[in-house]
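Peer 1: Pasting in a structure now, in structure tokens, and then I'll have a few things to ask.
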Amino acid sequence: MSRAEWKPPNATGKKIGVLNLQGDVYEHLDHLERLNVAFMPVKQVEDFEDLAGLILPGGESTCLARLLRIFGIDKIIIRKFHEGMKLWGTCAGAILLAKSLMGEAPHLGLIDIEVERNGFGSQLDSFTCEASVPRVASKPIPLTFIRAPKIISVGERVNVLLRMEDFIAAAESPDVLVTVFHPELTPSLDFHRYFARKCGLQPDVGNKITTVWDRTSWMRLARITANDERDGTPPRGSVTTGDRS
Ligand code: GLN
């Protein structure tokens, strides 16, 4: 998806929204596009009509929580959730959704998990690895942890999808998925496909990422210029081209 090609989707019917306040929004949109489900970035109350699901991306949870409150988006997320909108929080998004945060007041509190922010240490303690998540995919999935939180415990109605060493990395309730890693910063579409199905949508089953994706491919999408930010279009470049010039 190049910047020139990208248009807000006009598909009718149910979409997956990506909360577009801060963090890695376009990387999620890019993955959803590859699955051929309707999607859109959302940042105002009117954007929340017709959403089957909402992704709260990674970024910085304190900043995101402030913006949610300032723009009154927290209330609309909670209202739409109670009307049936599914939620997926990646990393900072998972922190926003947790019912309990170690040493801090919770934010949206929509899934019964306890989370420790920055559970691995500083940004320098970020890492990548691979793991099997049988409910989500038949093959191991690449995982990217960036100053990630740890899920310390889950409540009764929450299933653990991936437990690693002393922490839980992915979990879900019937209506909320949380991952402390970033599937949108890997070539894998598995978690996006899993969430789309949880939302009642029918994503493509094939893996459309055909070109080489290395561990830095997503960084091209992160290079948003001042102009890109002003007119709201996504950044130059496409993860499908393999063109790294
Ligand atoms: N450390 C961040 C926080 O506490 C989360 C990092 C991320 O989303 N990659 O909000």
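Lettering and numbering for the structure tokens are positional, with chains as A, B, ... in the shown order, residues counted from 1 in each chain, and ligands counted from 1 in the shown order.
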As a quick test: using only C-alpha atoms and all ligand atoms, which residues lie no more than 7 Å away from ligand 1? Give them as a PyMOL selection string.

Peer 2: chain A and resi 58-62+90-93+95+117-118+145-149

Peer 1: Quick one: of A:Pro183, A:Pro203, A:Gly89, A:Gly119, who's nearest to A:Ala38, counting only C-alpha atoms?

Peer 2: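 Going through A:Pro183, A:Pro203, A:Gly89, A:Gly119 one by one, the smallest distance to A:Ala38 is for A:Pro203.
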
Peer 1: Any idea what's packed within 8 Å of A:Leu189, counting only C-alpha atoms, ignoring anything in its chain fewer than 2 positions away? Could you give it as a PyMOL selection string?

Peer 2: chain A and resi 31+35+183-184+187+191-193+207

Peer 1: Just give me the gap between atom CA of A:Ala94 and atom CA of A:Cys129 in Å, one decimal is fine.

Peer 2: 19.4 Å

Peer 1: Could you tell me how far atom CA of A:Val158 sits from atom CA of A:Ser173, in Å to one decimal place?

Peer 2: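 Here the two named atoms are 4.5 Å from each other.
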
Peer 1: Name the residues of stretch 11-240 of chain A that come out as strand (DSSP E or B) in a backbone DSSP run; write them as an MDAnalysis selection string.

Peer 2: chainID A and resid 15:19 39:42 51:56 86:90 98:101 104 111:116 127:131 141:145 150:154 159:164 167:172 176:179

Peer 1: Output C-alpha atoms for every residue in the selection just made, as a PDB file, in the first residue's frame.

Peer 2:
```
ATOM      1  CA  LYS A  15     -15.264  -2.349   9.603  1.00  0.00           C
ATOM      2  CA  ILE A  16     -12.358  -2.670  11.946  1.00  0.00           C
ATOM      3  CA  GLY A  17     -11.219   0.691  13.253  1.00  0.00           C
ATOM      4  CA  VAL A  18      -7.702   1.531  14.371  1.00  0.00           C
ATOM      5  CA  LEU A  19      -7.520   4.188  17.062  1.00  0.00           C
ATOM      6  CA  PHE A  39     -10.932  -0.863   7.958  1.00  0.00           C
ATOM      7  CA  MET A  40     -10.462   2.788   8.868  1.00  0.00           C
ATOM      8  CA  PRO A  41      -8.453   4.980  11.204  1.00  0.00           C
ATOM      9  CA  VAL A  42     -10.744   6.425  13.899  1.00  0.00           C
ATOM     10  CA  LEU A  51     -17.289  -0.720  13.757  1.00  0.00           C
ATOM     11  CA  ALA A  52     -17.281  -4.454  14.357  1.00  0.00           C
ATOM     12  CA  GLY A  53     -14.011  -4.069  16.210  1.00  0.00           C
ATOM     13  CA  LEU A  54     -11.420  -1.557  17.318  1.00  0.00           C
ATOM     14  CA  ILE A  55      -7.640  -1.970  17.558  1.00  0.00           C
ATOM     15  CA  LEU A  56      -5.894   0.128  20.199  1.00  0.00           C
ATOM     16  CA  LYS A  86     -14.826  -6.142  19.963  1.00  0.00           C
ATOM     17  CA  LEU A  87     -11.473  -4.768  21.135  1.00  0.00           C
ATOM     18  CA  TRP A  88      -7.838  -5.665  20.589  1.00  0.00           C
ATOM     19  CA  GLY A  89      -5.078  -3.869  22.451  1.00  0.00           C
ATOM     20  CA  THR A  90      -1.459  -4.307  21.376  1.00  0.00           C
ATOM     21  CA  ALA A  98      -6.485  -3.760  31.568  1.00  0.00           C
ATOM     22  CA  LYS A  99      -8.689  -3.803  34.636  1.00  0.00           C
ATOM     23  CA  SER A 100      -5.673  -3.567  36.918  1.00  0.00           C
ATOM     24  CA  LEU A 101      -2.305  -1.818  36.493  1.00  0.00           C
ATOM     25  CA  GLU A 104      -1.299   2.980  38.751  1.00  0.00           C
ATOM     26  CA  ILE A 111     -10.573  -6.989  30.432  1.00  0.00           C
ATOM     27  CA  ASP A 112      -9.823  -8.694  33.709  1.00  0.00           C
ATOM     28  CA  ILE A 113      -6.028  -8.826  33.589  1.00  0.00           C
ATOM     29  CA  GLU A 114      -3.306  -7.367  35.791  1.00  0.00           C
ATOM     30  CA  VAL A 115      -0.510  -5.641  33.894  1.00  0.00           C
ATOM     31  CA  GLU A 116       2.945  -4.414  34.852  1.00  0.00           C
ATOM     32  CA  PHE A 127      13.498  -8.002  21.751  1.00  0.00           C
ATOM     33  CA  THR A 128      12.091 -10.324  19.108  1.00  0.00           C
ATOM     34  CA  CYS A 129      11.433 -14.064  19.251  1.00  0.00           C
ATOM     35  CA  GLU A 130       9.015 -16.689  17.952  1.00  0.00           C
ATOM     36  CA  ALA A 131       6.348 -18.740  19.681  1.00  0.00           C
ATOM     37  CA  ILE A 141       4.481 -16.678  14.979  1.00  0.00           C
ATOM     38  CA  PRO A 142       7.208 -13.990  15.048  1.00  0.00           C
ATOM     39  CA  LEU A 143       6.863 -11.681  18.052  1.00  0.00           C
ATOM     40  CA  THR A 144       8.203  -8.162  18.578  1.00  0.00           C
ATOM     41  CA  PHE A 145       8.322  -6.755  22.125  1.00  0.00           C
ATOM     42  CA  LYS A 150       3.872  -8.049  31.226  1.00  0.00           C
ATOM     43  CA  ILE A 151       0.471  -9.551  31.900  1.00  0.00           C
ATOM     44  CA  ILE A 152       0.935 -10.864  35.438  1.00  0.00           C
ATOM     45  CA  SER A 153      -2.404 -12.598  35.973  1.00  0.00           C
ATOM     46  CA  VAL A 154      -5.797 -13.060  34.343  1.00  0.00           C
ATOM     47  CA  ASN A 159      -8.113 -17.342  28.531  1.00  0.00           C
ATOM     48  CA  VAL A 160      -4.359 -17.335  28.246  1.00  0.00           C
ATOM     49  CA  LEU A 161      -3.307 -17.632  24.580  1.00  0.00           C
ATOM     50  CA  LEU A 162       0.447 -17.449  25.164  1.00  0.00           C
ATOM     51  CA  ARG A 163       2.384 -17.879  28.387  1.00  0.00           C
ATOM     52  CA  MET A 164       6.159 -17.287  28.338  1.00  0.00           C
ATOM     53  CA  PHE A 167       4.532 -13.633  32.181  1.00  0.00           C
ATOM     54  CA  ILE A 168       1.495 -13.932  29.927  1.00  0.00           C
ATOM     55  CA  ALA A 169       2.008 -12.446  26.468  1.00  0.00           C
ATOM     56  CA  ALA A 170      -1.468 -12.846  24.935  1.00  0.00           C
ATOM     57  CA  ALA A 171      -4.909 -13.417  26.400  1.00  0.00           C
ATOM     58  CA  GLU A 172      -8.557 -12.979  25.527  1.00  0.00           C
ATOM     59  CA  VAL A 176     -11.375  -8.478  24.106  1.00  0.00           C
ATOM     60  CA  LEU A 177      -7.993  -9.638  22.800  1.00  0.00           C
ATOM     61  CA  VAL A 178      -4.740  -8.387  24.322  1.00  0.00           C
ATOM     62  CA  THR A 179      -1.160  -8.939  23.147  1.00  0.00           C
TER      63      THR A 179
END
```

Peer 1: Quick check, in Å to one decimal: how far apart do atom CA of A:Cys199 and atom CA of A:Asn36 lie?

Peer 2: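 Distance reported for this atom pair: 14.0 Å.
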
Peer 1: Between A:Lys198, A:Gly23, A:Cys63, A:Leu124, which is the closest to A:Pro174 once you count only C-alpha atoms?

Peer 2: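 Between A:Lys198, A:Gly23, A:Cys63, A:Leu124, the residue approaching A:Pro174 most closely is A:Lys198.
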
Peer 1: Among the residues of stretch 33-183 of chain A, find those DSSP assigns to alpha helix (DSSP H) from the backbone and print them as a PyMOL selection string.

Peer 2: chain A and resi 33-34+61-70+73-82+92-97

Peer 1: Please provide as a PDB file with C-alpha atoms, in the first residue's frame all residues within 10 Å of A:Arg66, with the sequence filter that same-chain residues fewer than 6 positions apart are discarded (counting only C-alpha atoms).

Peer 2:
```
ATOM      1  CA  GLY A  72     -13.979  12.046  25.147  1.00  0.00           C
ATOM      2  CA  ASP A  74     -12.851   6.813  26.317  1.00  0.00           C
ATOM      3  CA  HIS A 107      -7.756   3.395  32.238  1.00  0.00           C
TER       4      HIS A 107
END
```

Peer 1: Between A:Leu96, A:Leu32, A:Val25, A:Met102, which has the minimum distance to A:Tyr194 (counting only C-alpha atoms)?

Peer 2: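 Checking each of A:Leu96, A:Leu32, A:Val25, A:Met102 against A:Tyr194, counting only C-alpha atoms, the winner is A:Leu32.
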